[in-house]
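Engineer: My structure file work-v4.pdb, PDB, C-alpha atoms, is below:
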```
ATOM      1  CA  MET A   1      27.435  39.689  12.642
ATOM      2  CA  ILE A   2      30.049  36.935  12.938
ATOM      3  CA  VAL A   3      27.538  34.729  14.772
ATOM      4  CA  LEU A   4      25.063  35.226  11.892
ATOM      5  CA  TRP A   5      27.700  34.150   9.357
ATOM      6  CA  TRP A   6      28.474  31.071  11.428
ATOM      7  CA  ILE A   7      24.773  30.160  11.628
ATOM      8  CA  LEU A   8      24.383  30.606   7.847
ATOM      9  CA  ALA A   9      27.509  28.520   7.232
ATOM     10  CA  ILE A  10      26.203  25.706   9.465
ATOM     11  CA  ILE A  11      22.760  25.799   7.796
ATOM     12  CA  GLY A  12      24.420  25.745   4.354
ATOM     13  CA  PHE A  13      26.587  22.795   5.354
ATOM     14  CA  LEU A  14      23.569  20.877   6.699
ATOM     15  CA  VAL A  15      21.569  21.555   3.526
ATOM     16  CA  LEU A  16      24.511  20.414   1.383
ATOM     17  CA  LEU A  17      24.961  17.280   3.513
ATOM     18  CA  ALA A  18      21.241  16.468   3.326
ATOM     19  CA  THR A  19      21.286  16.923  -0.480
ATOM     20  CA  VAL A  20      24.329  14.655  -0.859
ATOM     21  CA  LEU A  21      22.766  11.976   1.370
ATOM     22  CA  LEU A  22      19.438  12.124  -0.452
ATOM     23  CA  PHE A  23      20.906  11.706  -3.925
ATOM     24  CA  ALA A  24      23.989   9.592  -3.214
ATOM     25  CA  PRO A  25      23.755   5.943  -4.356
ATOM     26  CA  LEU A  26      22.384   3.728  -1.591
ATOM     27  CA  ARG A  27      23.192   0.030  -1.515
ATOM     28  CA  LEU A  28      21.044  -2.364   0.501
ATOM     29  CA  GLN A  29      21.992  -5.973   1.153
ATOM     30  CA  ALA A  30      19.910  -8.494   3.061
ATOM     31  CA  GLU A  31      20.797 -12.062   3.925
ATOM     32  CA  VAL A  32      18.538 -14.617   5.582
ATOM     33  CA  LYS A  33      20.226 -17.789   6.776
ATOM     34  CA  ASP A  34      18.882 -20.301   9.298
ATOM     35  CA  GLY A  35      16.136 -17.804  10.150
ATOM     36  CA  ASP A  36      18.612 -15.053  11.070
ATOM     37  CA  LEU A  37      18.505 -11.775   9.141
ATOM     38  CA  THR A  38      21.581  -9.677   8.404
ATOM     39  CA  ALA A  39      20.864  -6.306   6.804
ATOM     40  CA  THR A  40      23.616  -4.049   5.440
ATOM     41  CA  VAL A  41      23.205  -0.433   4.311
ATOM     42  CA  LYS A  42      26.060   1.322   2.496
ATOM     43  CA  ILE A  43      26.073   5.016   1.539
ATOM     44  CA  LEU A  44      29.083   7.213   0.682
ATOM     45  CA  GLY A  45      31.407   4.383   1.661
ATOM     46  CA  ILE A  46      29.894   4.165   5.157
ATOM     47  CA  LYS A  47      28.547   0.726   6.022
ATOM     48  CA  TYR A  48      25.953  -0.104   8.685
ATOM     49  CA  VAL A  49      25.259  -3.756   9.550
ATOM     50  CA  LYS A  50      22.311  -4.952  11.636
ATOM     51  CA  LYS A  51      21.868  -8.582  12.688
ATOM     52  CA  MET A  52      18.572  -9.962  13.960
ATOM     53  CA  ASP A  53      18.387 -13.332  15.663
ATOM     54  CA  ALA A  54      15.379 -15.524  14.862
ATOM     55  CA  GLU A  55      15.151 -16.632  18.502
ATOM     56  CA  THR A  56      14.897 -13.076  19.873
ATOM     57  CA  PRO A  57      11.451 -12.823  21.471
ATOM     58  CA  ILE A  58       9.166 -10.000  20.379
ATOM     59  CA  LYS A  59       8.219  -8.037  23.491
ATOM     60  CA  LYS A  60       5.031  -6.056  23.666
ATOM     61  CA  THR A  61       4.655  -3.063  25.901
ATOM     62  CA  GLY A  62       1.722  -2.773  28.271
ATOM     63  CA  LYS A  63       0.071  -0.087  26.138
ATOM     64  CA  LYS A  64       0.356  -2.214  22.986
ATOM     65  CA  ALA A  65      -1.083  -5.256  24.730
ATOM     66  CA  GLU A  66      -3.950  -3.122  26.102
ATOM     67  CA  LYS A  67      -4.622  -1.719  22.659
ATOM     68  CA  GLU A  68      -4.720  -5.213  21.122
ATOM     69  CA  VAL A  69      -7.170  -6.448  23.767
ATOM     70  CA  LYS A  70      -9.352  -3.398  23.187
ATOM     71  CA  GLU A  71      -9.286  -3.943  19.422
ATOM     72  CA  GLU A  72     -10.190  -7.626  19.845
ATOM     73  CA  THR A  73     -13.169  -6.659  22.050
ATOM     74  CA  GLN A  74     -14.328  -4.135  19.480
ATOM     75  CA  ASP A  75     -13.946  -6.722  16.707
ATOM     76  CA  GLU A  76     -16.135  -9.169  18.614
ATOM     77  CA  LYS A  77     -18.875  -6.555  18.841
ATOM     78  CA  ALA A  78     -18.690  -5.700  15.148
ATOM     79  CA  SER A  79     -21.056  -7.472  12.777
ATOM     80  CA  ILE A  80     -19.871 -10.003  10.184
ATOM     81  CA  ARG A  81     -20.805  -7.607   7.366
ATOM     82  CA  GLU A  82     -18.644  -4.840   8.851
ATOM     83  CA  LYS A  83     -15.721  -7.239   9.259
ATOM     84  CA  ILE A  84     -15.966  -8.388   5.630
ATOM     85  CA  HIS A  85     -16.181  -4.775   4.441
ATOM     86  CA  ASP A  86     -13.143  -3.852   6.574
ATOM     87  CA  VAL A  87     -11.084  -6.774   5.229
ATOM     88  CA  ARG A  88     -11.968  -5.855   1.624
ATOM     89  CA  ARG A  89     -11.037  -2.225   2.255
ATOM     90  CA  LYS A  90      -7.679  -3.238   3.753
ATOM     91  CA  ILE A  91      -6.913  -5.574   0.836
ATOM     92  CA  GLN A  92      -7.767  -2.802  -1.623
ATOM     93  CA  MET A  93      -5.589  -0.355   0.339
ATOM     94  CA  VAL A  94      -2.578  -2.721   0.360
ATOM     95  CA  ARG A  95      -3.034  -3.414  -3.357
ATOM     96  CA  GLU A  96      -3.108   0.309  -4.179
ATOM     97  CA  ILE A  97      -0.068   0.999  -1.977
ATOM     98  CA  LEU A  98       1.905  -1.756  -3.709
ATOM     99  CA  GLN A  99       0.843  -0.531  -7.161
ATOM    100  CA  GLU A 100       1.792   3.092  -6.432
ATOM    101  CA  VAL A 101       5.143   2.172  -4.855
ATOM    102  CA  ARG A 102       5.957  -0.307  -7.648
ATOM    103  CA  ALA A 103       5.093   2.264 -10.332
ATOM    104  CA  TYR A 104       7.399   4.836  -8.732
ATOM    105  CA  LEU A 105      10.311   2.483  -7.982
ATOM    106  CA  SER A 106      10.161   0.466 -11.219
ATOM    107  CA  THR A 107      12.994   2.443 -12.847
ATOM    108  CA  ARG A 108      14.613   3.632  -9.621
ATOM    109  CA  LEU A 109      15.248   0.317  -7.858
ATOM    110  CA  ILE A 110      18.056  -1.814  -9.287
ATOM    111  CA  PHE A 111      18.575  -5.436  -8.272
ATOM    112  CA  GLU A 112      22.296  -6.077  -8.553
ATOM    113  CA  SER A 113      21.962  -9.656  -7.342
ATOM    114  CA  LEU A 114      19.407 -11.990  -5.809
ATOM    115  CA  THR A 115      19.960 -15.547  -4.628
ATOM    116  CA  LEU A 116      17.288 -17.770  -3.104
ATOM    117  CA  LYS A 117      18.073 -21.292  -1.913
ATOM    118  CA  LEU A 118      15.562 -23.484  -0.125
ATOM    119  CA  ARG A 119      16.175 -26.968   1.254
ATOM    120  CA  PHE A 120      13.110 -28.510   2.844
ATOM    121  CA  GLY A 121      11.134 -31.650   3.541
ATOM    122  CA  ASP A 122       8.111 -32.576   5.664
ATOM    123  CA  GLY A 123       8.850 -36.278   6.152
ATOM    124  CA  ASN A 124       6.351 -37.424   3.526
ATOM    125  CA  ALA A 125       7.837 -37.973   0.052
ATOM    126  CA  ALA A 126       4.545 -37.543  -1.840
ATOM    127  CA  ARG A 127       3.606 -34.301  -0.086
ATOM    128  CA  THR A 128       7.155 -32.971  -0.441
ATOM    129  CA  GLY A 129       6.985 -33.601  -4.204
ATOM    130  CA  ILE A 130       3.710 -31.668  -4.530
ATOM    131  CA  GLU A 131       5.016 -28.838  -2.328
ATOM    132  CA  THR A 132       8.186 -28.651  -4.446
ATOM    133  CA  GLY A 133       6.113 -28.068  -7.577
ATOM    134  CA  LEU A 134       4.072 -25.354  -5.862
ATOM    135  CA  ILE A 135       7.204 -23.623  -4.540
ATOM    136  CA  TRP A 136       8.858 -23.704  -7.977
ATOM    137  CA  GLY A 137       5.711 -22.134  -9.431
ATOM    138  CA  ALA A 138       5.717 -19.366  -6.798
ATOM    139  CA  ALA A 139       9.461 -18.769  -7.299
ATOM    140  CA  GLY A 140       8.975 -18.556 -11.083
ATOM    141  CA  GLY A 141       6.184 -16.015 -10.571
ATOM    142  CA  LEU A 142       8.406 -13.938  -8.277
ATOM    143  CA  VAL A 143      11.296 -13.952 -10.779
ATOM    144  CA  ALA A 144       8.952 -12.941 -13.614
ATOM    145  CA  PHE A 145       7.443 -10.154 -11.476
ATOM    146  CA  LEU A 146      10.862  -8.708 -10.601
ATOM    147  CA  ASN A 147      12.133  -8.924 -14.188
ATOM    148  CA  ASN A 148       8.986  -7.267 -15.562
ATOM    149  CA  ASN A 149       8.691  -4.497 -12.968
ATOM    150  CA  PHE A 150      12.232  -3.569 -11.925
ATOM    151  CA  ILE A 151      15.737  -3.283 -13.352
ATOM    152  CA  VAL A 152      17.502  -6.605 -12.738
ATOM    153  CA  LYS A 153      21.204  -6.453 -13.607
ATOM    154  CA  THR A 154      21.919 -10.167 -13.304
ATOM    155  CA  GLN A 155      20.125 -13.480 -13.525
ATOM    156  CA  ILE A 156      18.195 -14.325 -10.360
ATOM    157  CA  ASP A 157      19.538 -17.537  -8.856
ATOM    158  CA  VAL A 158      16.819 -19.827  -7.490
ATOM    159  CA  GLU A 159      17.515 -23.295  -6.124
ATOM    160  CA  ILE A 160      14.876 -25.549  -4.549
ATOM    161  CA  MET A 161      16.267 -28.737  -2.977
ATOM    162  CA  PRO A 162      13.615 -31.134  -1.643
ATOM    163  CA  GLU A 163      14.520 -33.668   1.051
ATOM    164  CA  PHE A 164      12.063 -36.525   0.672
ATOM    165  CA  ASN A 165      13.043 -38.585   3.705
ATOM    166  CA  GLN A 166      13.385 -36.064   6.516
ATOM    167  CA  LYS A 167      11.713 -33.056   8.098
ATOM    168  CA  MET A 168      13.706 -29.871   7.639
ATOM    169  CA  PHE A 169      13.499 -26.260   6.476
ATOM    170  CA  ASP A 170      16.636 -24.326   5.538
ATOM    171  CA  LEU A 171      16.205 -20.986   3.747
ATOM    172  CA  TYR A 172      19.011 -18.823   2.390
ATOM    173  CA  ILE A 173      18.330 -15.450   0.727
ATOM    174  CA  ASN A 174      20.947 -12.938  -0.330
ATOM    175  CA  GLY A 175      20.162  -9.825  -2.342
ATOM    176  CA  ILE A 176      21.766  -6.505  -3.186
ATOM    177  CA  ILE A 177      19.568  -3.554  -4.179
ATOM    178  CA  ARG A 178      20.846  -0.171  -5.367
ATOM    179  CA  THR A 179      18.775   3.013  -5.204
ATOM    180  CA  ARG A 180      18.848   6.490  -3.662
ATOM    181  CA  LEU A 181      17.603   7.556  -0.250
ATOM    182  CA  ALA A 182      15.397  10.208  -1.874
ATOM    183  CA  HIS A 183      13.556   7.506  -3.857
ATOM    184  CA  ILE A 184      12.839   5.500  -0.693
ATOM    185  CA  ILE A 185      11.556   8.605   1.110
ATOM    186  CA  ILE A 186       9.264   9.541  -1.807
ATOM    187  CA  ALA A 187       7.973   5.945  -2.041
ATOM    188  CA  ALA A 188       7.261   5.987   1.716
ATOM    189  CA  ILE A 189       5.415   9.328   1.399
ATOM    190  CA  THR A 190       3.352   7.862  -1.468
ATOM    191  CA  ALA A 191       2.443   4.844   0.678
ATOM    192  CA  VAL A 192       1.459   7.097   3.614
ATOM    193  CA  LYS A 193      -0.761   9.239   1.335
ATOM    194  CA  VAL A 194      -2.649   6.156   0.133
ATOM    195  CA  TYR A 195      -2.936   4.863   3.716
ATOM    196  CA  ARG A 196      -4.369   8.178   4.907
ATOM    197  CA  LYS A 197      -6.843   8.219   2.044
ATOM    198  CA  TYR A 198      -8.270   4.895   3.194
ATOM    199  CA  ASN A 199      -8.292   5.870   6.873
ATOM    200  CA  GLU A 200      -9.993   9.245   6.617
ATOM    201  CA  PHE A 201     -13.290   9.476   8.416
TER     202      PHE A 201
END
```
Would you give me this structure, written as structure tokens?
Structural biologist:
Amino acid sequence: MIVLWWILAIIGFLVLLATVLLFAPLRLQAEVKDGDLTATVKILGIKYVKKMDAETPIKKTGKKAEKEVKEETQDEKASIREKIHDVRRKIQMVREILQEVRAYLSTRLIFESLTLKLRFGDGNAARTGIETGLIWGAAGGLVAFLNNNFIVKTQIDVEIMPEFNQKMFDLYINGIIRTRLAHIIIAAITAVKVYRKYNEF
């Protein structure tokens, strides 16, 4: 009888802990500097930091490499029409996933801050000038998209600094997003449902 009470107490504690974790505020921070990514997750005052070096090589296991070779061989055998149909289906799938996830997270994902700074040049002043205009246009579209589809608590800071006389690329991104773990899990389940719908045979 005592063992049963202990088991029930442990199960109750685990359920309570899971509920608290699911609905506690979750704060995500990501920073990209010189190609290195630093991601920070904070929940219930506990902070987890993960750093990823840009120079770390991506290793592929033997099974993955075999699978890729097999897929490439199958792709070569497939007709052009099948390839075009497959690409269209994948584009449609990605679009639907993004729409479903955006619709769900639109009021549940809060941008507390977002800073984007880019300093670049390709050695040619004329090309750099044209590229600067294109990048500003893309950045403006991104800012408008975020403001129209999510809750943005502060003004998004965007700075594009062209270097007309030298080749360089220096990107700095820093953002803080607040949400709940339950929202991320539900958004992931939504994405998986759409993916399965497009991959059913």
Engineer: Given the choices A:Glu200, A:Ser106, A:Ile176, A:Thr40, which gets closest to Phe145 (chain A) if the distance is worked out from only C-alpha atoms?
Structural biologist: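 Of the candidates, the smallest distance to Phe145 (chain A) is held by A:Ser106.
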Engineer: Might you pull out every residue within 12 Å of Val94 (chain A), with only C-alpha atoms counted and same-chain residues fewer than 2 positions away left off, and present them as an MDAnalysis selection string?
Structural biologist: chainID A and resid 87:92 96:102 191:192 194:198
Engineer: Would you write out, as a compact mmCIF listing (two decimals) with C-alpha atoms, in the frame of the given file, every residue that the PyMOL selection byres ((chain A and resi 107-115) around 8) captures in this file?
Structural biologist:
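That gives us expr-v9.txt:
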```
# COMPACT_ATOMS: atom_id res chain seq x y z
CA TYR A 104 7.40 4.84 -8.73
CA LEU A 105 10.31 2.48 -7.98
CA SER A 106 10.16 0.47 -11.22
CA LEU A 116 17.29 -17.77 -3.10
CA LYS A 117 18.07 -21.29 -1.91
CA PHE A 150 12.23 -3.57 -11.92
CA ILE A 151 15.74 -3.28 -13.35
CA VAL A 152 17.50 -6.60 -12.74
CA LYS A 153 21.20 -6.45 -13.61
CA THR A 154 21.92 -10.17 -13.30
CA GLN A 155 20.12 -13.48 -13.52
CA ILE A 156 18.20 -14.32 -10.36
CA ASP A 157 19.54 -17.54 -8.86
CA VAL A 158 16.82 -19.83 -7.49
CA TYR A 172 19.01 -18.82 2.39
CA ILE A 173 18.33 -15.45 0.73
CA ASN A 174 20.95 -12.94 -0.33
CA GLY A 175 20.16 -9.82 -2.34
CA ILE A 176 21.77 -6.50 -3.19
CA ILE A 177 19.57 -3.55 -4.18
CA ARG A 178 20.85 -0.17 -5.37
CA THR A 179 18.77 3.01 -5.20
CA ARG A 180 18.85 6.49 -3.66
CA HIS A 183 13.56 7.51 -3.86
```
Engineer: Please measure the separation of CA of Lys42 (chain A) and CA of Arg27 (chain A), giving the value in Å to one decimal.
Structural biologist: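 Taking CA of Lys42 (chain A) as the start and CA of Arg27 (chain A) as the end point, the length is 5.1 Å.
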Engineer: Determine the residue set returned by the PyMOL selection byres ((chain A and resi 33) around 7) for the present structure, and present it as a list in words.
Structural biologist: Glu31, Val32, Asp34, Gly35, Asp36, Leu37, Leu171, Tyr172 and Ile173 of chain A
Engineer: Determine the residue set returned by the PyMOL selection byres ((chain A and resi 123-134) around 7) for the present structure, and present it as a VMD selection string.
Structural biologist: chain A and resid 121 to 122 135 to 138 162 164 to 167
Engineer: Give me the residues within 8 Å of Ala182 (chain A) as a list in words, counting all atoms listed in the file and dropping any in the same chain fewer than 2 places off.
Structural biologist: Leu22, Phe23, Arg180, Ile184, Ile185 and Ile186 of chain A
Engineer: May I ask for the distance between CA of Leu118 (chain A) and CA of Asp170 (chain A), given in Å to one decimal place?
Structural biologist: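 Spanning CA of Leu118 (chain A) to CA of Asp170 (chain A) is a straight-line distance of 5.8 Å.
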Engineer: For Phe169 (chain A), which of A:Lys193, A:Leu142, A:Phe120, A:Ile84 is the closest residue, counting only C-alpha atoms?
Structural biologist: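 Checking each of A:Lys193, A:Leu142, A:Phe120, A:Ile84 against Phe169 (chain A), counting only C-alpha atoms, the winner is A:Phe120.
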Engineer: One number please: CA of Ala39 (chain A) to CA of Asp53 (chain A), in Å, one decimal.
Structural biologist: 11.6 Å
Engineer: Using the file's own x, y and z axes, what box holds all listed atoms of region 116-123 of chain A with 6 Å on each side, keeping edges along x, y and z, and what are its centre and edge lengths in Å to one decimal, as lines of an AutoDock Vina configuration file?
Structural biologist:
```
center_x = 13.1
center_y = -27.0
center_z = 1.5
size_x = 22.0
size_y = 30.5
size_z = 21.3
```
Engineer: Generate N, CA and C atoms for region 138-173 of chain A and emit them as a CSV table (one decimal), in the coordinates of the input.
Structural biologist:
```csv
chain,number,residue,atom,x,y,z
A,138,ALA,N,5.7,-20.7,-7.5
A,138,ALA,CA,5.7,-19.4,-6.8
A,138,ALA,C,7.0,-18.6,-7.1
A,139,ALA,N,8.2,-19.4,-7.0
A,139,ALA,CA,9.5,-18.8,-7.3
A,139,ALA,C,9.5,-18.2,-8.7
A,140,GLY,N,9.0,-19.0,-9.7
A,140,GLY,CA,9.0,-18.6,-11.1
A,140,GLY,C,8.2,-17.3,-11.2
A,141,GLY,N,7.0,-17.2,-10.5
A,141,GLY,CA,6.2,-16.0,-10.6
A,141,GLY,C,6.9,-14.8,-10.0
A,142,LEU,N,7.6,-15.0,-8.9
A,142,LEU,CA,8.4,-13.9,-8.3
A,142,LEU,C,9.5,-13.4,-9.2
A,143,VAL,N,10.2,-14.3,-9.8
A,143,VAL,CA,11.3,-14.0,-10.8
A,143,VAL,C,10.7,-13.2,-12.0
A,144,ALA,N,9.6,-13.6,-12.5
A,144,ALA,CA,9.0,-12.9,-13.6
A,144,ALA,C,8.5,-11.5,-13.2
A,145,PHE,N,7.9,-11.5,-12.0
A,145,PHE,CA,7.4,-10.2,-11.5
A,145,PHE,C,8.6,-9.2,-11.4
A,146,LEU,N,9.7,-9.6,-10.8
A,146,LEU,CA,10.9,-8.7,-10.6
A,146,LEU,C,11.4,-8.3,-11.9
A,147,ASN,N,11.6,-9.2,-12.9
A,147,ASN,CA,12.1,-8.9,-14.2
A,147,ASN,C,11.2,-8.0,-15.0
A,148,ASN,N,9.9,-8.1,-14.8
A,148,ASN,CA,9.0,-7.3,-15.6
A,148,ASN,C,8.8,-5.9,-14.9
A,149,ASN,N,9.0,-5.7,-13.6
A,149,ASN,CA,8.7,-4.5,-13.0
A,149,ASN,C,9.9,-3.7,-12.5
A,150,PHE,N,11.1,-4.3,-12.4
A,150,PHE,CA,12.2,-3.6,-11.9
A,150,PHE,C,13.4,-3.8,-12.8
A,151,ILE,N,14.5,-3.1,-12.6
A,151,ILE,CA,15.7,-3.3,-13.4
A,151,ILE,C,16.5,-4.4,-12.6
A,152,VAL,N,16.7,-5.5,-13.3
A,152,VAL,CA,17.5,-6.6,-12.7
A,152,VAL,C,18.8,-6.8,-13.6
A,153,LYS,N,19.9,-6.5,-12.9
A,153,LYS,CA,21.2,-6.5,-13.6
A,153,LYS,C,21.8,-7.8,-13.9
A,154,THR,N,21.4,-8.8,-13.1
A,154,THR,CA,21.9,-10.2,-13.3
A,154,THR,C,20.8,-11.2,-13.2
A,155,GLN,N,21.1,-12.4,-13.6
A,155,GLN,CA,20.1,-13.5,-13.5
A,155,GLN,C,19.9,-13.8,-12.1
A,156,ILE,N,18.6,-14.0,-11.7
A,156,ILE,CA,18.2,-14.3,-10.4
A,156,ILE,C,18.4,-15.8,-10.2
A,157,ASP,N,19.2,-16.1,-9.1
A,157,ASP,CA,19.5,-17.5,-8.9
A,157,ASP,C,18.6,-18.2,-7.9
A,158,VAL,N,17.8,-19.1,-8.3
A,158,VAL,CA,16.8,-19.8,-7.5
A,158,VAL,C,17.2,-21.3,-7.5
A,159,GLU,N,17.2,-21.9,-6.3
A,159,GLU,CA,17.5,-23.3,-6.1
A,159,GLU,C,16.6,-23.9,-5.1
A,160,ILE,N,15.8,-24.9,-5.5
A,160,ILE,CA,14.9,-25.5,-4.5
A,160,ILE,C,15.4,-27.0,-4.4
A,161,MET,N,15.7,-27.4,-3.2
A,161,MET,CA,16.3,-28.7,-3.0
A,161,MET,C,15.4,-29.5,-2.0
A,162,PRO,N,14.5,-30.4,-2.5
A,162,PRO,CA,13.6,-31.1,-1.6
A,162,PRO,C,14.3,-32.3,-1.0
A,163,GLU,N,14.0,-32.5,0.3
A,163,GLU,CA,14.5,-33.7,1.1
A,163,GLU,C,13.3,-34.6,1.3
A,164,PHE,N,13.3,-35.7,0.6
A,164,PHE,CA,12.1,-36.5,0.7
A,164,PHE,C,12.0,-37.4,1.9
A,165,ASN,N,13.1,-37.6,2.6
A,165,ASN,CA,13.0,-38.6,3.7
A,165,ASN,C,13.2,-38.0,5.1
A,166,GLN,N,13.2,-36.7,5.2
A,166,GLN,CA,13.4,-36.1,6.5
A,166,GLN,C,12.7,-34.7,6.6
A,167,LYS,N,12.4,-34.3,7.9
A,167,LYS,CA,11.7,-33.1,8.1
A,167,LYS,C,12.8,-32.0,8.3
A,168,MET,N,12.7,-30.9,7.5
A,168,MET,CA,13.7,-29.9,7.6
A,168,MET,C,13.2,-28.6,6.8
A,169,PHE,N,13.8,-27.5,7.2
A,169,PHE,CA,13.5,-26.3,6.5
A,169,PHE,C,14.7,-25.4,6.6
A,170,ASP,N,15.4,-25.2,5.5
A,170,ASP,CA,16.6,-24.3,5.5
A,170,ASP,C,16.5,-23.3,4.4
A,171,LEU,N,16.4,-22.0,4.7
A,171,LEU,CA,16.2,-21.0,3.7
A,171,LEU,C,17.4,-20.0,3.7
A,172,TYR,N,17.9,-19.8,2.6
A,172,TYR,CA,19.0,-18.8,2.4
A,172,TYR,C,18.6,-17.8,1.3
A,173,ILE,N,18.6,-16.5,1.7
A,173,ILE,CA,18.3,-15.4,0.7
A,173,ILE,C,19.4,-14.4,0.8
```
